[in-house]
Amino acid sequence: MVLNKDTAKKTAELLLQINAIKLEPENPFTWASGWKSPIYCDNRVLLSYPDIRNYVREEMARQVEILYGKPDVIAGVATGAIGVGVLVAEALGLPFIYVRPEPKSHGRQNQIEGYLEANQNVVVIEDLISTGKSSLNAVKALKEQQANVKGMIAIFTYGFPVATTNFEKEHVALHTLSDYDHLIEQASETNYIKESQLQTLLQWKSNPQQWK
C-alpha cells in the first residue's frame with residue numbers, strides 16, 4: 001500500500017530518471033522465474049546517486065515513524081536492501097541488522113547478522129516486492145528469534161495480487177514508496193512512454209504469468 005500519492009509519483013520519476021526502472025515493452029526482459037516482462041527494476045542503482053538516495057532515505061525514515069512509530073531496530077533484507085536499510089537506520093539513529101535468505105553454511109551459521117535482542121520492535125526494509133516470498137522469509141527468520149516485527153517498507157512493488165495475499169496470510173503490514181500503477185501514471189504523464197506502450201504495460205499487469 002502506498003502512503004502518499006505525491007511521494008509515489010516522485011519516487012517513480014527518480015527511479016526512471018536513473019534507469020533503476022526500465023520500461024521496454026518492445027524488448028521484454030526475462031526474469032529469473034522465466035516470466036517475460038516489459039519492466040525491469042534494480043533499485044540498488046539509486047545508491048550511486050547521492051541526491052536520490054537521500055530522498056529515499058528521508059522518505060522511508062519518515063514513513064517508518066508515521067506508520068510504526070520509532071522501532072528498536074531496522075532490518076534490511078539481503079542483499080538488495082542492505083544499503084538502503086543502513087541509510088534508514090542512520091537517519092533514525094537506530095541499530096541495523098540484515099537477514100540472509102538462509103543461514104551461512106560456515107562459521108556461526110547466522111541468518112541474521114548484527115545484534116538483536118528478544119522482543120525488540122523491528123521494521124523491515126526491502127527494495128523490491130514481487131511475490132513477497134523472499135521478504136516474508138526474512139520476517140519468519142526474525143520472528144523465530146523472537147523479534148516483534150512491526151511491518152515492512154519497500155521502495156517499489158509490482159502490485160501482484162499474489163504478494164497481497166502472501167502478506168495478508170502472514171499478517172505482515174506492507175507499505176511501499178511507489179508501485180506499478182503510480183509508475184505507469186507518471187511515465188504516461190511525462191511522455192516517458194507512448195500511448196501504444198501504455199496499453200502493453202497495462203496488459204502485462206493484468207496477467208504477467210501468461211504475457212508474451
# chains A, B, ... in the order shown; residues from 1 in each chain; ligands from 1
$ select_by_dssp --residues "chain A" --states "helix (DSSP H, G or I)" --output "ChimeraX atom specification"
/A:5-17,43-48,50-68,82-92,133-144,161-169,180-189,195-206,208-210
$ select_by_dssp --residues "chain A" --states "strand (DSSP E)" --output "VMD selection string"
chain A and resid 21 to 23 29 to 30 36 to 37 39 to 41 73 to 77 96 to 99 112 to 113 121 to 129 148 to 157 174 to 179
$ residues_around --residues "A:Gln199" --least-positions-apart "2" --cutoff "12 Å" --atoms "only C-alpha atoms" --output "PyMOL selection string"
chain A and resi 25-26+38+184-185+188+193-197+201-206
$ atom_distance --atom1 "atom CA of A:Ala141" --atom2 "atom CA of A:Gln63"
23.5 Å
$ residues_around --residues "A:Phe160" --least-positions-apart "6" --cutoff "12 Å" --atoms "only C-alpha atoms" --output "list in words"
Met1, Leu128, Ile129, Ser130, Thr131, Gly132, Asn166, Phe167, Asp179, Tyr180, Asp181, Trp204, Lys205, Ser206, Asn207, Pro208 and Gln209 of chain A
$ closest_residue --among "A:Ser135, A:Thr157, A:Gln111, A:Asn4" --to "A:Ile21" --atoms "only C-alpha atoms"
A:Thr157
$ residues_around --residues "A:Asn137" --least-positions-apart "6" --cutoff "10 Å" --atoms "only C-alpha atoms" --output "MDAnalysis selection string"
chainID A and resid 77 99:102 143
$ write_last_selection --atoms "N, CA and C atoms" --output "PDB file, in the first residue's frame"
ATOM      1  N   VAL A  77      16.711  -6.620   4.183  1.00  0.00           N
ATOM      2  CA  VAL A  77      16.675  -7.946   3.567  1.00  0.00           C
ATOM      3  C   VAL A  77      17.838  -8.047   2.589  1.00  0.00           C
ATOM      4  N   VAL A  99      19.152  -9.648   7.162  1.00  0.00           N
ATOM      5  CA  VAL A  99      18.704 -11.038   7.169  1.00  0.00           C
ATOM      6  C   VAL A  99      19.075 -11.700   5.850  1.00  0.00           C
ATOM      7  N   ARG A 100      19.818 -12.800   5.947  1.00  0.00           N
ATOM      8  CA  ARG A 100      20.189 -13.578   4.763  1.00  0.00           C
ATOM      9  C   ARG A 100      19.009 -14.448   4.303  1.00  0.00           C
ATOM     10  N   PRO A 101      19.037 -14.885   3.031  1.00  0.00           N
ATOM     11  CA  PRO A 101      17.985 -15.800   2.569  1.00  0.00           C
ATOM     12  C   PRO A 101      17.968 -17.110   3.348  1.00  0.00           C
ATOM     13  N   GLU A 102      19.153 -17.534   3.823  1.00  0.00           N
ATOM     14  CA  GLU A 102      19.272 -18.757   4.609  1.00  0.00           C
ATOM     15  C   GLU A 102      20.522 -18.648   5.473  1.00  0.00           C
ATOM     16  N   LYS A 143      11.113 -13.466  13.374  1.00  0.00           N
ATOM     17  CA  LYS A 143      10.149 -13.919  14.381  1.00  0.00           C
ATOM     18  C   LYS A 143      10.652 -15.154  15.123  1.00  0.00           C
TER      19      LYS A 143
END
$ residues_around --residues "A:Leu116" --least-positions-apart "2" --cutoff "8 Å" --atoms "only C-alpha atoms" --output "list in words"
Val73, Ile97, Gly114, Ala118, Gln120 and Ala147 of chain A
$ closest_residue --among "A:Phe96, A:Phe29, A:Tyr158, A:Tyr115" --to "A:Gln145" --atoms "only C-alpha atoms"
A:Tyr115
$ atom_distance --atom1 "atom CA of A:Val149" --atom2 "atom CA of A:Val122"
4.8 Å
$ closest_atom_pairs --of "stretch 20-71 of chain A" --to "stretch 78-91 of chain A" --cutoff "10 Å" --atoms "only C-alpha atoms" --output "tab-separated table"
residue	atom	partner	partner_atom	distance
A:Asp42	CA	A:Gly80	CA	8.5
A:Asn43	CA	A:Gly80	CA	7.7
A:Arg44	CA	A:Gly80	CA	6.3
A:Leu46	CA	A:Val84	CA	9.0
A:Leu47	CA	A:Gly83	CA	7.3
A:Arg53	CA	A:Val84	CA	7.7
A:Asn54	CA	A:Leu87	CA	8.1
A:Val56	CA	A:Val84	CA	8.1
A:Arg57	CA	A:Val88	CA	5.2
A:Glu58	CA	A:Ala91	CA	7.0
A:Glu59	CA	A:Val88	CA	8.9
A:Met60	CA	A:Val88	CA	6.6
A:Ala61	CA	A:Val88	CA	5.4
A:Arg62	CA	A:Val88	CA	9.1
A:Val64	CA	A:Val88	CA	8.9
A:Pro71	CA	A:Ala89	CA	10.0
$ write_last_selection --atoms "N, CA and C atoms" --output "PDB file, in the first residue's frame"
ATOM      1  N   ASP A  42      15.918  -2.447 -10.681  1.00  0.00           N
ATOM      2  CA  ASP A  42      17.107  -2.687  -9.862  1.00  0.00           C
ATOM      3  C   ASP A  42      17.350  -1.442  -9.023  1.00  0.00           C
ATOM      4  N   ASN A  43      16.733  -1.410  -7.849  1.00  0.00           N
ATOM      5  CA  ASN A  43      16.799  -0.216  -7.016  1.00  0.00           C
ATOM      6  C   ASN A  43      18.159   0.018  -6.377  1.00  0.00           C
ATOM      7  N   ARG A  44      19.063  -0.949  -6.474  1.00  0.00           N
ATOM      8  CA  ARG A  44      20.407  -0.738  -5.929  1.00  0.00           C
ATOM      9  C   ARG A  44      21.146   0.372  -6.673  1.00  0.00           C
ATOM     10  N   LEU A  46      20.180   3.280  -7.172  1.00  0.00           N
ATOM     11  CA  LEU A  46      19.994   4.595  -6.530  1.00  0.00           C
ATOM     12  C   LEU A  46      21.098   4.908  -5.527  1.00  0.00           C
ATOM     13  N   LEU A  47      21.795   3.888  -5.034  1.00  0.00           N
ATOM     14  CA  LEU A  47      22.880   4.132  -4.083  1.00  0.00           C
ATOM     15  C   LEU A  47      24.017   4.924  -4.704  1.00  0.00           C
ATOM     16  N   ARG A  53      19.371   8.917  -3.357  1.00  0.00           N
ATOM     17  CA  ARG A  53      19.398   8.013  -2.200  1.00  0.00           C
ATOM     18  C   ARG A  53      19.017   8.768  -0.930  1.00  0.00           C
ATOM     19  N   ASN A  54      19.380  10.058  -0.851  1.00  0.00           N
ATOM     20  CA  ASN A  54      18.991  10.856   0.310  1.00  0.00           C
ATOM     21  C   ASN A  54      17.480  11.061   0.350  1.00  0.00           C
ATOM     22  N   VAL A  56      15.201   8.992  -0.900  1.00  0.00           N
ATOM     23  CA  VAL A  56      14.621   7.708  -0.495  1.00  0.00           C
ATOM     24  C   VAL A  56      14.843   7.459   0.988  1.00  0.00           C
ATOM     25  N   ARG A  57      16.039   7.755   1.470  1.00  0.00           N
ATOM     26  CA  ARG A  57      16.337   7.588   2.901  1.00  0.00           C
ATOM     27  C   ARG A  57      15.371   8.394   3.764  1.00  0.00           C
ATOM     28  N   GLU A  58      15.206   9.673   3.434  1.00  0.00           N
ATOM     29  CA  GLU A  58      14.362  10.538   4.261  1.00  0.00           C
ATOM     30  C   GLU A  58      12.895  10.132   4.195  1.00  0.00           C
ATOM     31  N   GLU A  59      12.417   9.760   3.006  1.00  0.00           N
ATOM     32  CA  GLU A  59      11.022   9.358   2.876  1.00  0.00           C
ATOM     33  C   GLU A  59      10.741   8.051   3.608  1.00  0.00           C
ATOM     34  N   MET A  60      11.656   7.096   3.485  1.00  0.00           N
ATOM     35  CA  MET A  60      11.446   5.825   4.172  1.00  0.00           C
ATOM     36  C   MET A  60      11.519   6.007   5.688  1.00  0.00           C
ATOM     37  N   ALA A  61      12.462   6.802   6.154  1.00  0.00           N
ATOM     38  CA  ALA A  61      12.581   7.049   7.589  1.00  0.00           C
ATOM     39  C   ALA A  61      11.335   7.747   8.122  1.00  0.00           C
ATOM     40  N   ARG A  62      10.836   8.706   7.350  1.00  0.00           N
ATOM     41  CA  ARG A  62       9.622   9.434   7.763  1.00  0.00           C
ATOM     42  C   ARG A  62       8.432   8.482   7.846  1.00  0.00           C
ATOM     43  N   VAL A  64       8.504   5.219   8.254  1.00  0.00           N
ATOM     44  CA  VAL A  64       8.676   4.279   9.368  1.00  0.00           C
ATOM     45  C   VAL A  64       8.044   4.848  10.629  1.00  0.00           C
ATOM     46  N   PRO A  71      11.000   2.210  15.937  1.00  0.00           N
ATOM     47  CA  PRO A  71      11.303   0.863  16.430  1.00  0.00           C
ATOM     48  C   PRO A  71      12.620   0.830  17.185  1.00  0.00           C
TER      49      PRO A  71
END
$ residues_around --residues "A:Tyr40" --least-positions-apart "3" --cutoff "9 Å" --atoms "only C-alpha atoms" --output "list in words"
Ala20, Ile21, Lys22, Leu23, Glu24, Pro28, Phe29, Thr30, Trp31 and Ser37 of chain A
$ write_last_selection --atoms "C-alpha atoms" --output "CSV table (one decimal), in the first residue's frame"
chain,number,residue,atom,x,y,z
A,20,ALA,CA,16.8,1.9,-11.8
A,21,ILE,CA,13.5,1.1,-13.5
A,22,LYS,CA,13.5,0.3,-17.2
A,23,LEU,CA,10.3,0.1,-19.3
A,24,GLU,CA,10.9,-1.7,-22.6
A,28,PRO,CA,10.9,-7.5,-22.9
A,29,PHE,CA,13.2,-8.8,-20.1
A,30,THR,CA,13.2,-12.4,-18.9
A,31,TRP,CA,13.1,-12.7,-15.1
A,37,SER,CA,8.3,-8.7,-18.6
$ closest_residue --among "A:Met152, A:Cys41, A:Leu198, A:Leu15" --to "A:Ala75" --atoms "only C-alpha atoms"
A:Met152
$ atom_distance --atom1 "atom CA of A:Ser48" --atom2 "atom CA of A:Thr190"
23.9 Å
